[in-house]
file entry.txt (compact mmCIF, C-alpha atoms)
# COMPACT_ATOMS: atom_id res chain seq x y z
CA MET D 6 -167.14 89.89 184.19
CA GLU D 7 -169.10 93.12 184.02
CA ILE D 8 -171.54 93.30 181.10
CA LYS D 9 -172.48 96.76 179.90
CA GLU D 10 -175.99 97.18 178.63
CA LYS D 11 -176.32 98.85 175.26
CA ILE D 12 -178.29 102.08 175.57
CA GLU D 13 -180.96 102.88 173.01
CA HIS D 14 -180.64 106.62 172.59
CA PRO D 15 -183.76 108.62 171.76
CA LEU D 16 -181.65 110.90 169.58
CA SER D 17 -179.98 110.15 166.27
CA LEU D 18 -177.04 111.97 164.74
CA LYS D 19 -176.53 112.40 161.02
CA VAL D 20 -173.68 114.19 159.24
CA MET D 21 -173.69 115.11 155.57
CA ARG D 22 -170.76 116.70 153.82
CA LEU D 23 -171.73 119.72 151.74
CA THR D 24 -169.83 119.61 148.47
CA ARG D 25 -170.36 120.08 144.78
CA PRO D 26 -171.78 117.20 142.72
CA THR D 27 -169.77 115.48 140.00
CA LEU D 28 -170.55 114.73 136.38
CA SER D 29 -171.99 111.27 135.84
CA PRO D 30 -170.68 109.86 132.54
CA PRO D 31 -172.26 106.74 130.97
CA VAL D 32 -170.53 103.36 131.17
CA ILE D 33 -169.49 102.75 127.58
CA VAL D 34 -169.65 99.15 126.38
CA THR D 35 -169.80 98.82 122.60
CA CYS D 36 -168.72 96.49 119.82
CA GLU D 37 -168.76 96.10 116.06
CA THR D 38 -172.08 95.18 114.47
CA LYS D 39 -170.54 92.02 112.96
CA ASP D 40 -169.66 90.72 116.44
CA LEU D 41 -171.92 88.31 118.31
CA PRO D 42 -173.87 90.94 120.38
CA GLY D 43 -174.65 92.85 117.20
CA HIS D 44 -176.53 96.09 117.95
CA LEU D 45 -177.39 95.07 121.53
CA PHE D 46 -174.65 97.11 123.32
CA ASN D 47 -175.23 100.20 121.19
CA THR D 48 -178.98 100.06 121.76
CA ASN D 49 -178.56 99.83 125.52
CA LEU D 50 -176.09 102.72 125.43
CA LYS D 51 -178.57 104.93 123.55
CA ASN D 52 -181.22 104.14 126.14
CA ASP D 53 -178.93 105.12 129.03
CA ILE D 54 -180.30 108.33 130.58
CA THR D 55 -176.76 109.59 131.37
CA SER D 56 -175.60 109.48 127.74
CA VAL D 57 -175.77 112.43 125.38
CA SER D 58 -177.93 111.97 122.31
CA GLY D 59 -175.71 111.67 119.25
CA GLY D 60 -172.56 111.25 121.35
CA GLU D 61 -173.26 108.08 123.30
CA SER D 62 -169.71 106.74 122.91
CA LEU D 63 -167.91 109.95 123.95
CA ALA D 64 -168.20 109.51 127.76
CA VAL D 65 -169.74 112.97 128.17
CA GLY D 66 -172.18 113.06 131.08
CA GLN D 67 -175.28 115.19 131.18
CA PHE D 68 -176.28 114.34 134.77
CA LEU D 69 -174.85 115.49 138.09
CA LEU D 70 -174.12 112.85 140.70
CA VAL D 71 -174.62 113.66 144.39
CA PRO D 72 -171.59 112.59 146.50
CA GLN D 73 -172.05 109.05 147.78
CA SER D 74 -169.42 109.09 150.55
CA PHE D 75 -167.54 111.47 152.80
CA GLY D 76 -164.72 111.39 150.23
CA SER D 77 -161.47 113.35 150.30
CA ILE D 78 -160.63 117.04 150.12
CA TYR D 79 -157.67 119.06 148.89
CA LEU D 80 -155.45 121.28 151.02
CA GLY D 81 -156.69 124.87 150.88
CA GLU D 82 -160.31 123.98 150.14
CA THR D 83 -163.14 124.63 152.59
CA PHE D 84 -164.57 121.63 154.39
CA SER D 85 -168.33 122.12 154.88
CA CYS D 86 -170.81 119.77 156.47
CA TYR D 87 -174.35 119.68 157.84
CA ILE D 88 -174.92 118.13 161.28
CA CYS D 89 -178.40 117.10 162.35
CA VAL D 90 -179.56 115.81 165.74
CA HIS D 91 -183.05 114.34 165.48
CA ASN D 92 -185.41 113.27 168.27
CA ASP D 93 -186.67 109.87 167.11
CA SER D 94 -188.70 109.23 170.26
CA ASN D 95 -192.17 110.31 171.29
CA ASP D 96 -190.86 112.06 174.41
CA ILE D 97 -189.39 115.48 175.01
CA VAL D 98 -185.59 115.35 175.40
CA PRO D 99 -184.15 118.23 177.47
CA ASN D 100 -180.61 119.60 177.82
CA VAL D 101 -179.41 118.60 174.35
CA VAL D 102 -175.88 119.86 173.63
CA LEU D 103 -173.98 119.35 170.37
CA LYS D 104 -170.19 119.58 170.13
CA ALA D 105 -167.88 118.93 167.18
CA ASP D 106 -164.15 119.06 166.76
CA LEU D 107 -161.69 118.19 164.00
CA GLN D 108 -158.65 116.09 164.88
CA THR D 109 -155.50 116.11 162.75
CA THR D 110 -152.11 114.52 163.29
CA THR D 111 -150.84 117.64 165.09
CA GLN D 112 -153.81 119.45 166.62
CA ARG D 113 -157.45 119.39 167.67
CA LEU D 114 -159.73 122.16 166.40
CA LEU D 115 -163.00 122.96 168.11
CA LEU D 116 -165.67 123.64 165.45
CA ILE D 117 -168.87 123.65 167.52
CA ASP D 118 -168.91 124.41 171.25
CA ASN D 119 -172.49 125.25 172.04
CA ASN D 120 -172.70 125.60 175.83
CA SER D 121 -176.39 126.47 175.77
CA SER D 122 -178.66 123.44 175.77
CA SER D 123 -181.77 122.85 173.68
CA VAL D 124 -185.02 121.04 174.29
CA LEU D 125 -186.10 118.75 171.44
CA LYS D 126 -189.71 117.86 171.09
CA PRO D 127 -190.68 114.64 169.30
CA LYS D 128 -189.53 114.61 165.66
CA GLN D 129 -187.75 117.95 166.18
CA THR D 130 -184.15 118.54 165.03
CA LEU D 131 -181.11 120.53 166.07
CA ASP D 132 -179.15 121.67 163.01
CA GLU D 133 -175.65 123.09 162.57
CA VAL D 134 -173.62 123.92 159.46
CA ILE D 135 -169.85 124.24 159.81
CA HIS D 136 -167.21 125.59 157.43
CA HIS D 137 -163.48 125.13 157.93
CA GLU D 138 -160.55 125.81 155.57
CA VAL D 139 -158.21 122.84 155.84
CA LYS D 140 -154.57 123.81 156.28
CA GLU D 141 -152.90 120.46 156.92
CA ILE D 142 -152.28 117.38 154.79
CA GLY D 143 -153.16 113.90 156.05
CA THR D 144 -155.92 112.12 157.93
CA HIS D 145 -158.64 114.23 159.53
CA ILE D 146 -161.31 112.91 161.91
CA LEU D 147 -164.53 114.80 162.56
CA VAL D 148 -165.74 113.94 166.08
CA CYS D 149 -169.38 114.78 166.88
CA GLU D 150 -170.70 114.39 170.41
CA VAL D 151 -174.29 114.72 171.60
CA THR D 152 -175.08 115.13 175.30
CA TYR D 153 -178.59 115.12 176.79
CA LEU D 154 -180.21 114.88 180.22
CA ASN D 155 -176.91 116.27 181.59
CA ARG D 156 -175.47 112.76 181.89
CA LEU D 157 -176.04 110.67 178.77
CA SER D 158 -173.99 111.10 175.60
CA PHE D 159 -172.81 109.36 172.44
CA ARG D 160 -170.25 110.08 169.70
CA LYS D 161 -169.76 109.47 166.03
CA PHE D 162 -166.51 109.64 164.05
CA PHE D 163 -166.07 110.57 160.39
CA LYS D 164 -162.67 110.12 158.77
CA PHE D 165 -161.49 111.78 155.56
CA GLN D 166 -158.19 112.48 153.82
CA VAL D 167 -156.72 115.89 152.91
CA LEU D 168 -154.61 115.64 149.77
CA LYS D 169 -152.02 117.92 148.20
CA PRO D 170 -153.53 119.78 145.20
CA LEU D 171 -150.51 121.61 143.77
CA ASP D 172 -146.80 121.00 143.43
CA VAL D 173 -144.88 124.30 143.60
CA LYS D 174 -141.21 124.54 142.60
CA THR D 175 -139.19 127.78 142.70
CA LYS D 176 -135.87 128.99 141.30
CA PHE D 177 -134.00 132.22 142.08
CA TYR D 178 -131.58 134.29 140.03
CA THR D 179 -129.85 137.38 141.46
CA ALA D 180 -128.75 139.94 138.87
CA GLU D 181 -125.79 142.28 139.19
CA SER D 182 -128.18 145.14 139.85
CA ASP D 183 -129.44 143.36 143.01
CA ASP D 184 -132.74 142.52 141.33
CA VAL D 185 -133.95 139.03 142.23
CA TYR D 186 -135.86 137.03 139.62
CA LEU D 187 -138.20 134.32 140.89
CA GLU D 188 -139.44 131.54 138.62
CA ALA D 189 -142.34 129.54 140.07
CA GLN D 190 -143.62 126.35 138.46
CA ILE D 191 -147.11 125.27 139.59
CA GLN D 192 -148.28 121.76 138.69
CA ASN D 193 -151.85 120.51 139.02
CA ILE D 194 -151.76 117.14 140.83
CA THR D 195 -155.51 116.86 141.49
CA ASN D 196 -157.74 114.31 139.75
CA GLY D 197 -159.12 116.79 137.22
CA PRO D 198 -158.61 120.18 135.58
CA ILE D 199 -158.53 123.35 137.65
CA CYS D 200 -158.73 127.06 136.88
CA LEU D 201 -155.98 129.23 138.39
CA GLU D 202 -157.78 132.44 139.33
CA LYS D 203 -154.87 134.24 140.99
CA VAL D 204 -151.15 133.67 141.44
CA THR D 205 -149.45 136.62 143.16
CA LEU D 206 -146.20 137.14 145.02
CA GLU D 207 -146.55 139.00 148.32
CA ALA D 208 -143.06 140.39 148.90
CA THR D 209 -141.36 141.31 152.17
CA ASP D 210 -140.37 144.86 153.09
CA TYR D 211 -137.01 144.42 151.36
CA PHE D 212 -138.49 144.25 147.85
CA LYS D 213 -141.08 145.66 145.49
CA VAL D 214 -142.56 143.20 142.99
CA SER D 215 -142.93 143.48 139.22
CA ASP D 216 -145.32 140.89 137.78
CA LEU D 217 -143.83 139.69 134.47
CA ASN D 218 -146.82 137.48 133.64
CA LYS D 219 -148.96 140.19 132.09
CA ILE D 220 -148.96 141.80 128.66
CA GLU D 221 -149.34 145.51 127.92
CA SER D 222 -153.14 145.37 128.21
CA LYS D 223 -152.74 144.13 131.83
CA CYS D 224 -154.14 140.74 130.83
CA SER D 225 -152.52 137.50 131.88
CA VAL D 226 -150.27 135.81 129.34
CA PHE D 227 -152.35 132.66 129.94
CA GLY D 228 -155.61 134.37 128.95
CA ASN D 229 -158.71 135.37 130.88
CA VAL D 230 -159.47 131.76 131.85
CA ASN D 231 -156.34 129.91 132.93
CA VAL D 232 -157.34 126.24 132.81
CA VAL D 233 -154.66 123.75 133.88
CA ASP D 234 -155.26 120.10 133.02
CA LYS D 235 -154.35 117.23 135.31
CA ASP D 236 -150.53 116.90 135.69
CA ALA D 237 -150.02 120.05 133.57
CA SER D 238 -147.95 123.03 134.78
CA ARG D 239 -147.79 126.81 134.55
CA GLN D 240 -144.63 128.87 134.97
CA TYR D 241 -144.69 132.35 136.51
CA LEU D 242 -141.90 134.94 136.60
CA TYR D 243 -141.48 137.85 139.03
CA CYS D 244 -138.84 140.53 139.40
CA LEU D 245 -138.09 141.77 142.91
CA SER D 246 -136.22 145.08 143.19
CA PRO D 247 -134.76 146.48 146.43
CA GLN D 248 -137.10 149.02 148.02
CA GLN D 249 -134.67 151.88 148.72
CA ASP D 250 -131.57 151.53 146.56
CA SER D 251 -129.50 148.93 144.76
CA ILE D 252 -127.42 148.13 147.84
CA SER D 253 -130.07 147.88 150.56
CA ILE D 254 -129.96 144.09 150.47
CA SER D 255 -126.25 144.19 151.20
CA LYS D 256 -127.01 145.66 154.63
CA VAL D 257 -128.85 142.49 155.63
CA LYS D 258 -126.60 140.51 157.97
CA SER D 259 -128.16 137.04 157.55
CA GLU D 260 -127.11 134.70 154.76
CA ALA D 261 -130.72 133.95 153.73
CA ILE D 262 -133.01 136.80 152.67
CA SER D 263 -136.78 136.40 152.95
CA VAL D 264 -138.41 137.20 149.61
CA GLY D 265 -142.11 136.65 150.30
CA ILE D 266 -144.88 134.10 149.79
CA LEU D 267 -146.87 132.91 146.79
CA ASP D 268 -150.63 133.34 147.15
CA ILE D 269 -152.59 130.96 144.91
CA VAL D 270 -156.35 130.80 144.35
CA TRP D 271 -157.93 128.16 142.12
CA ARG D 272 -161.28 126.57 141.35
CA SER D 273 -162.17 123.01 140.45
CA ASN D 274 -164.05 122.10 137.28
CA LEU D 275 -167.35 122.67 139.11
CA GLY D 276 -166.34 125.88 140.86
CA GLU D 277 -165.05 124.58 144.21
CA ARG D 278 -162.71 127.28 145.53
CA GLY D 279 -159.23 126.58 146.89
CA HIS D 280 -156.70 128.89 148.50
CA LEU D 281 -153.07 128.05 149.18
CA GLN D 282 -150.08 130.01 150.43
CA THR D 283 -146.52 128.76 150.34
CA SER D 284 -144.13 129.04 153.25
CA THR D 285 -141.80 132.04 153.23
CA LEU D 286 -139.50 131.85 150.21
CA GLN D 287 -135.85 132.65 150.81
CA THR D 288 -132.86 133.32 148.58
CA MET D 289 -129.25 133.17 149.61
CA ARG D 290 -127.33 136.42 149.90
CA THR D 291 -124.73 136.80 147.14
CA ASP D 292 -121.39 138.19 148.26
CA ARG D 293 -119.64 140.05 145.46
CA GLY D 294 -117.11 141.99 147.54
CA ASP D 295 -117.19 145.69 148.41
CA ILE D 296 -117.88 146.99 144.89
CA ARG D 297 -120.82 146.43 142.59
CA LEU D 298 -121.19 147.66 139.01
CA SER D 299 -124.34 147.83 136.90
CA LEU D 300 -125.51 149.63 133.75
CA SER D 301 -128.12 152.31 134.31
CA GLU D 302 -128.31 153.60 130.69
CA LEU D 303 -127.62 151.65 127.49
CA PRO D 304 -129.10 151.86 123.97
CA ASN D 305 -130.54 148.65 122.53
CA ILE D 306 -129.52 149.41 118.93
CA VAL D 307 -126.36 151.21 117.75
CA PHE D 308 -124.80 151.77 114.33
CA LEU D 309 -121.56 150.53 112.83
CA GLU D 310 -118.51 152.79 113.41
CA LYS D 311 -120.62 155.41 115.13
CA PRO D 312 -119.75 156.14 118.81
CA PHE D 313 -122.42 155.53 121.44
CA LYS D 314 -122.42 156.19 125.15
CA PHE D 315 -123.67 154.28 128.16
CA VAL D 316 -123.68 154.92 131.92
CA CYS D 317 -122.18 152.67 134.60
CA LYS D 318 -123.35 152.78 138.21
CA ILE D 319 -120.64 151.89 140.76
CA SER D 320 -121.86 151.12 144.29
CA ASN D 321 -119.81 150.96 147.47
CA ILE D 322 -121.42 148.31 149.67
CA SER D 323 -118.79 148.47 152.41
CA ASP D 324 -118.71 150.59 155.58
CA ARG D 325 -115.61 152.59 154.53
CA GLU D 326 -114.63 155.12 151.89
CA ILE D 327 -113.25 153.64 148.69
CA ASN D 328 -110.96 155.20 146.07
CA LEU D 329 -110.92 153.42 142.74
CA SER D 330 -108.98 153.45 139.49
CA MET D 331 -110.65 152.27 136.28
CA SER D 332 -108.92 150.52 133.40
CA LEU D 333 -110.51 149.34 130.16
CA GLU D 334 -109.39 146.18 128.37
CA GLU D 335 -109.67 145.57 124.64
CA MET D 336 -112.63 143.78 123.12
CA LYS D 337 -112.92 142.00 119.78
CA ASN D 338 -115.58 144.03 117.97
CA LEU D 339 -115.91 147.10 120.23
CA VAL D 340 -113.33 149.83 120.83
CA TRP D 341 -113.18 152.08 123.88
CA CYS D 342 -113.24 155.80 123.23
CA GLY D 343 -111.67 157.47 126.27
CA THR D 344 -108.89 157.29 128.86
CA SER D 345 -107.97 154.05 130.65
CA GLY D 346 -106.39 153.93 134.11
CA LYS D 347 -107.90 157.14 135.46
CA LEU D 348 -108.78 157.72 139.14
CA LEU D 349 -112.42 158.03 140.13
CA ASP D 350 -113.98 160.22 142.80
CA THR D 351 -114.13 158.90 146.37
CA ILE D 352 -117.25 156.83 147.02
CA LEU D 353 -118.68 157.11 150.54
CA PRO D 354 -119.95 154.01 152.45
CA PHE D 355 -123.21 152.64 151.03
CA GLN D 356 -123.23 155.29 148.30
CA CYS D 357 -122.85 155.12 144.54
CA THR D 358 -121.53 157.14 141.62
CA GLU D 359 -122.17 157.11 137.86
CA ILE D 360 -119.55 157.09 135.09
CA GLN D 361 -120.22 157.72 131.41
CA LEU D 362 -118.25 155.60 128.92
CA ASN D 363 -118.09 155.57 125.12
CA LEU D 364 -117.66 152.75 122.63
CA ILE D 365 -117.28 152.43 118.85
CA PRO D 366 -118.63 149.22 117.22
CA LEU D 367 -116.46 147.64 114.52
CA ASP D 368 -118.77 144.82 113.40
CA ILE D 369 -122.49 144.29 112.93
CA GLY D 370 -124.64 141.91 114.94
CA LEU D 371 -125.06 141.26 118.66
CA GLN D 372 -121.96 142.48 120.53
CA GLU D 373 -121.09 141.94 124.18
CA ILE D 374 -119.74 144.66 126.49
CA SER D 375 -116.90 143.48 128.75
CA GLY D 376 -113.46 144.47 129.93
CA ILE D 377 -114.12 146.96 132.77
CA ARG D 378 -111.57 146.68 135.57
CA LEU D 379 -111.67 148.48 138.94
CA LYS D 380 -108.91 148.56 141.55
CA ASP D 381 -109.08 149.74 145.16
CA THR D 382 -106.07 152.03 145.55
CA VAL D 383 -105.87 151.36 149.32
CA SER D 384 -106.40 147.61 149.66
CA GLN D 385 -105.14 146.88 146.10
CA GLN D 386 -108.20 144.65 145.61
CA SER D 387 -109.07 144.20 141.90
CA TYR D 388 -112.56 143.69 140.46
CA LYS D 389 -113.32 142.31 136.99
CA PHE D 390 -116.63 143.00 135.25
CA ASP D 391 -117.36 141.04 132.07
CA ASN D 392 -120.53 140.06 130.21
CA LEU D 393 -122.23 143.24 131.39
CA ALA D 394 -124.70 143.63 128.52
CA GLU D 395 -125.22 143.21 124.79
CA VAL D 396 -125.99 145.76 122.06
CA PHE D 397 -127.25 145.13 118.55
CA VAL D 398 -125.10 146.80 115.86
CA LEU D 399 -126.71 147.75 112.54
CA GLN D 400 -125.16 149.09 109.36
CA ARG D 401 -126.60 152.32 108.03

call {"tool": "encode", "arguments": {"input": "entry.txt", "output": "C-alpha cells"}}
result
Amino acid sequence: MEIKEKIEHPLSLKVMRLTRPTLSPPVIVTCETKDLPGHLFNTNLKNDITSVSGGESLAVGQFLLVPQSFGSIYLGETFSCYICVHNDSNDIVPNVVLKADLQTTTQRLLLIDNNSSSVLKPKQTLDEVIHHEVKEIGTHILVCEVTYLNRLSFRKFFKFQVLKPLDVKTKFYTAESDDVYLEAQIQNITNGPICLEKVTLEATDYFKVSDLNKIESKCSVFGNVNVVDKDASRQYLYCLSPQQDSISISKVKSEAISVGILDIVWRSNLGERGHLQTSTLQTMRTDRGDIRLSLSELPNIVFLEKPFKFVCKISNISDREINLSMSLEEMKNLVWCGTSGKLLDTILPFQCTEIQLNLIPLDIGLQEISGIRLKDTVSQQSYKFDNLAEVFVLQR
C-alpha cells in the first residue's frame, strides 16, 4: 500500500465573509421576587453589557455582533469575502498564484483567475476581495486554490446556502379596452424585516405602464419608508396599455403575450442591499371575436330625467371590412334616446370608429349601462355588450 506523506505548506489560506453585523440582544431570564431566586436573575440581567438600561427585559440589543460563521445569504444579495494568503515560514516563497471559483448545482463561476504570480516574503500576505451577486438558489461552494513553486498546491472549500427572500404572486385582468391590469403580491420570507426601496414593472414593447401605487404627490401609497415585517406582504397594481392603439395586441399571433418583468430592490434591517428580477411575466391572449367595443367618453355623475351622452369606440380586429347594424335593448332604469337598428359606416381592417349615444336616467343611484347589440350584416355574427360601465344618478 502506498502511503502519502502529508505536506506542511509554508503558506496558509484564510477566508472571511464580509457582511453586516447583527444586533446582539441579551438573554432574558427573570422571575418574580417572591420566587426562590429572588432578585438574583434581575440583578444579573441589569449587569449584562448587552442589555439596555431601564429596558433589561425587552430584548433590545445595544451591541453589534460580528458574524461567527460563513452563514447563509439570500438570492439577489451580493456575496462578498476577503481572501488572504499568508507566508507563515521564514523563507521566501516564489510563484504564488491564487484562484477562486464558485460552484453551484448548475454552473461553475470563476471569481479570481490571477495568472501572474507573486513572491511572498516571510510574514507577507497576498490579499483579494471578491464581490458576486448570487442569482441561483441552493448550495454554493467557494473553492480557493493556492499554487506555489509551480508544482505545489492546496485547496480549501467553503459551503453556504442561498435562500429565497421573497415570494412573488401575480394575477392578470384584461379589460374590454385591451388594458391589462397586473396585481403583484410580494411577501417577505426572510428571517427579519426588510425595506422595499423599489418595485417597478419593466414592460415589453407591446405596452406602456401606469404605476397605480402612487398618490397625486408622486409618493408611494406605502409611505417614504416601506418596511415589510417577516411573513408580511405588499400588493402592487399596474395598468398596461397597448403602445399604438387599442387593437395592437390582437395582431400578436401567439396565445401568450409577454408583459414584462418585476424589478425589486430591498434592504435588510441593517442596510444589506438585495436586487431581484422575476422571469418574464405572460398573460394569455383573450379572443373576443372580430369586434371590440369600449367607452371612450362617459360622465361620472348625471341627473335624474336629464339626457346625457357618451361615446362608444368600435374596433375591427379582423383582416377584412366589416359592416355592422346596431340595436339597443331596454334597460330597467335607463332609457335610450335615439334610433335602434340603424346601419353603421364600414369599418376597415384593424381600424375603429366612434358612435355617440344618449340615455335618460329614470331612477337615482348607481345605474349600469348595458344592452348594446351589434350584428355583422355579411356573416350574420351577433355581438352582445353588457355591463359596460356605471353612472351615478343624482336628483337636482

call {"tool": "atom_distance", "arguments": {"input": "entry.txt", "atom1": "atom CA of D:Cys317", "atom2": "atom CA of D:Ser301"}}
result
6.0 Å

call {"tool": "residues_around", "arguments": {"input": "entry.txt", "residues": "D:Gly197", "least_positions_apart": "4", "cutoff": "9 Å", "atoms": "all atoms listed in the file", "output": "CSV table (one decimal) with C-alpha atoms, in the coordinates of the input"}}
result
chain,number,residue,atom,x,y,z
D,193,ASN,CA,-151.8,120.5,139.0
D,233,VAL,CA,-154.7,123.8,133.9
D,234,ASP,CA,-155.3,120.1,133.0
D,235,LYS,CA,-154.4,117.2,135.3
D,236,ASP,CA,-150.5,116.9,135.7
D,273,SER,CA,-162.2,123.0,140.4
D,274,ASN,CA,-164.0,122.1,137.3

call {"tool": "atom_distance", "arguments": {"input": "entry.txt", "atom1": "atom CA of D:Ser77", "atom2": "atom CA of D:Val167"}}
result
6.0 Å

call {"tool": "closest_residue", "arguments": {"input": "entry.txt", "among": "D:Pro354, D:Asn52, D:Leu286, D:Arg25", "to": "D:Arg272", "atoms": "only C-alpha atoms"}}
result
D:Arg25

call {"tool": "closest_residue", "arguments": {"input": "entry.txt", "among": "D:Thr209, D:Asn218, D:Ser387, D:Asn321", "to": "D:Gln248", "atoms": "all atoms listed in the file"}}
result
D:Thr209

call {"tool": "residues_around", "arguments": {"input": "entry.txt", "residues": "stretch 361-369 of chain D", "least_positions_apart": "3", "cutoff": "9 Å", "atoms": "all atoms listed in the file", "output": "list in words"}}
result
Val307, Phe308, Leu309, Glu310, Lys311, Pro312, Phe313, Lys314, Phe315, Val316, Cys317, Lys318, Lys337, Asn338, Leu339, Val340, Trp341, Cys342, Gly343, Gln372, Phe397, Val398, Leu399 and Gln400 of chain D

call {"tool": "write_last_selection", "arguments": {"input": "entry.txt", "atoms": "C-alpha atoms", "output": "compact mmCIF listing (two decimals), in the coordinates of the input"}}
result
# COMPACT_ATOMS: atom_id res chain seq x y z
CA VAL D 307 -126.36 151.21 117.75
CA PHE D 308 -124.80 151.77 114.33
CA LEU D 309 -121.56 150.53 112.83
CA GLU D 310 -118.51 152.79 113.41
CA LYS D 311 -120.62 155.41 115.13
CA PRO D 312 -119.75 156.14 118.81
CA PHE D 313 -122.42 155.53 121.44
CA LYS D 314 -122.42 156.19 125.15
CA PHE D 315 -123.67 154.28 128.16
CA VAL D 316 -123.68 154.92 131.92
CA CYS D 317 -122.18 152.67 134.60
CA LYS D 318 -123.35 152.78 138.21
CA LYS D 337 -112.92 142.00 119.78
CA ASN D 338 -115.58 144.03 117.97
CA LEU D 339 -115.91 147.10 120.23
CA VAL D 340 -113.33 149.83 120.83
CA TRP D 341 -113.18 152.08 123.88
CA CYS D 342 -113.24 155.80 123.23
CA GLY D 343 -111.67 157.47 126.27
CA GLN D 372 -121.96 142.48 120.53
CA PHE D 397 -127.25 145.13 118.55
CA VAL D 398 -125.10 146.80 115.86
CA LEU D 399 -126.71 147.75 112.54
CA GLN D 400 -125.16 149.09 109.36

call {"tool": "atom_distance", "arguments": {"input": "entry.txt", "atom1": "atom CA of D:Pro127", "atom2": "atom CA of D:Val148"}}
result
25.2 Å

call {"tool": "residues_around", "arguments": {"input": "entry.txt", "residues": "D:Glu202", "least_positions_apart": "3", "cutoff": "10 Å", "atoms": "all atoms listed in the file", "output": "VMD selection string"}}
result
chain D and resid 199 229 to 232 269 to 272 278 to 280

call {"tool": "residues_around", "arguments": {"input": "entry.txt", "residues": "D:Val383", "least_positions_apart": "4", "cutoff": "9 Å", "atoms": "all atoms listed in the file", "output": "JSON, numbers by chain"}}
result
{"D": [327, 328, 329]}

call {"tool": "write_last_selection", "arguments": {"input": "entry.txt", "atoms": "C-alpha atoms", "output": "PDB file, in the frame of the given file"}}
result
ATOM      1  CA  ILE D 327    -113.250 153.640 148.690  1.00  0.00           C
ATOM      2  CA  ASN D 328    -110.960 155.200 146.070  1.00  0.00           C
ATOM      3  CA  LEU D 329    -110.920 153.420 142.740  1.00  0.00           C
TER       4      LEU D 329
END
